[in-house]
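*Asks:* One structure coming up, written as structure tokens, with questions to follow.
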Amino acid sequence: MKKIAIFSLLITLTFISCDRIKSPIVKKNTVAGSDFVIKNNSAVWNYKKTMLEDYTAMRCQNCPDAATAAKNLVTAYSNSIVVIAVHAGGLANPFGNFTADYRTEAGDVWSGTAGYGIISYPSGIINRKAYAPNSQITYFTTWSSVVGIANTDPLIVKLKVTTSYDTIVGALNTDVKAYFQSAYAQNLSISVVVTEDGVVGKQDKHGTEVDEY
């Protein structure tokens, strides 16, 4: 089993209404380059996805079970689900033989009291919504049923994403455009994150230290 980790929060765009955005708040740092590889999500941006945030930690004994549950959902829903493993909380702190640190500033904010206030691990958040009769924070044994409900949500907004990566200076520029499919009165935010799969490290699995997890 391998870890998935968030490495950086790149861009935040805030939408102030469901109408045409006249003065969006954009935080960006564009780096000029000379050898760009440009990609986009044009093949899939017409399709709705469900997002599962798996709040996990390397010293969390039951977290590997949650990772297995998430993997099973990816197998079942294929490209319709996106899983982000967020390493946060006290059990993610390096301690003793667990020397790696997979925490991020964004993950700490999301899981902390300023975010969702997650106090037990593993925990999950699906589409950052509360699906009755579940609360917003769900245990991994309920993920399958909640994702089944979430997958029926209507497609409210399409996100067109274009990335330009410069192979010379290592700069990644991301452009996101939102196209609302129906009126939506609430404020929305977009977070663009970079995830990496295949991160191998030590993990506590039911009290046993697994060196190459």
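The chains in the structure tokens are called A, B, ... from first to last as shown; in each chain the residues are counted from 1, and the ligands are counted from 1 in the order shown.
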List every residue of stretch 91-205 of chain A that has an atom at most 9 Å from any atom of stretch 43-52 of chain A, and for each one report the closest atom pair and its distance in Å to one decimal, counting only C-alpha atoms, with rows sorted by chain and then by increasing residue number, as a tab-separated table.
*Replies:*
```
residue	atom	partner	partner_atom	distance
A:Gly124	CA	A:Leu52	CA	6.6
A:Ile125	CA	A:Leu52	CA	5.9
A:Ile126	CA	A:Leu52	CA	4.6
A:Asn127	CA	A:Met51	CA	5.1
A:Arg128	CA	A:Met51	CA	8.1
A:Trp143	CA	A:Leu52	CA	8.5
A:Val147	CA	A:Thr50	CA	7.3
A:Ala150	CA	A:Thr50	CA	6.7
A:Asn151	CA	A:Thr50	CA	6.0
A:Asp153	CA	A:Lys48	CA	8.4
A:Pro154	CA	A:Lys48	CA	7.8
A:Leu155	CA	A:Lys48	CA	5.6
A:Ile156	CA	A:Lys48	CA	8.7
A:Val157	CA	A:Lys48	CA	8.7
A:Lys158	CA	A:Trp45	CA	6.2
A:Leu159	CA	A:Trp45	CA	6.3
A:Lys160	CA	A:Trp45	CA	6.2
A:Val161	CA	A:Trp45	CA	8.2
```
*Asks:* Write out as an MDAnalysis selection string the residues lying within 12 Å of stretch 100-104 of chain A, counting only C-alpha atoms and excluding same-chain residues fewer than 4 positions away.
*Replies:* chainID A and resid 3:9 55:59 85:96 108:112 193:196 199:203 211
*Asks:* Run DSSP on the backbone of this structure and report the residues of chain A it assigns to alpha helix (DSSP H), as a PyMOL selection string.
*Replies:* chain A and resi 63-77+105-111+143-150
*Asks:* So, with only C-alpha atoms as the atoms that count, which of A:Asn62, A:Pro122, A:Val82, A:Tyr131 lies closest to A:Ser145?
*Replies:*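 Ranking A:Asn62, A:Pro122, A:Val82, A:Tyr131 by distance to A:Ser145, first place goes to A:Tyr131.
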*Asks:* Could you go through stretch 65-99 of chain A and tell me which residues DSSP, when run on the backbone, assigns to strand (DSSP E), listing them as a ChimeraX atom specification?
*Replies:* /A:81-87
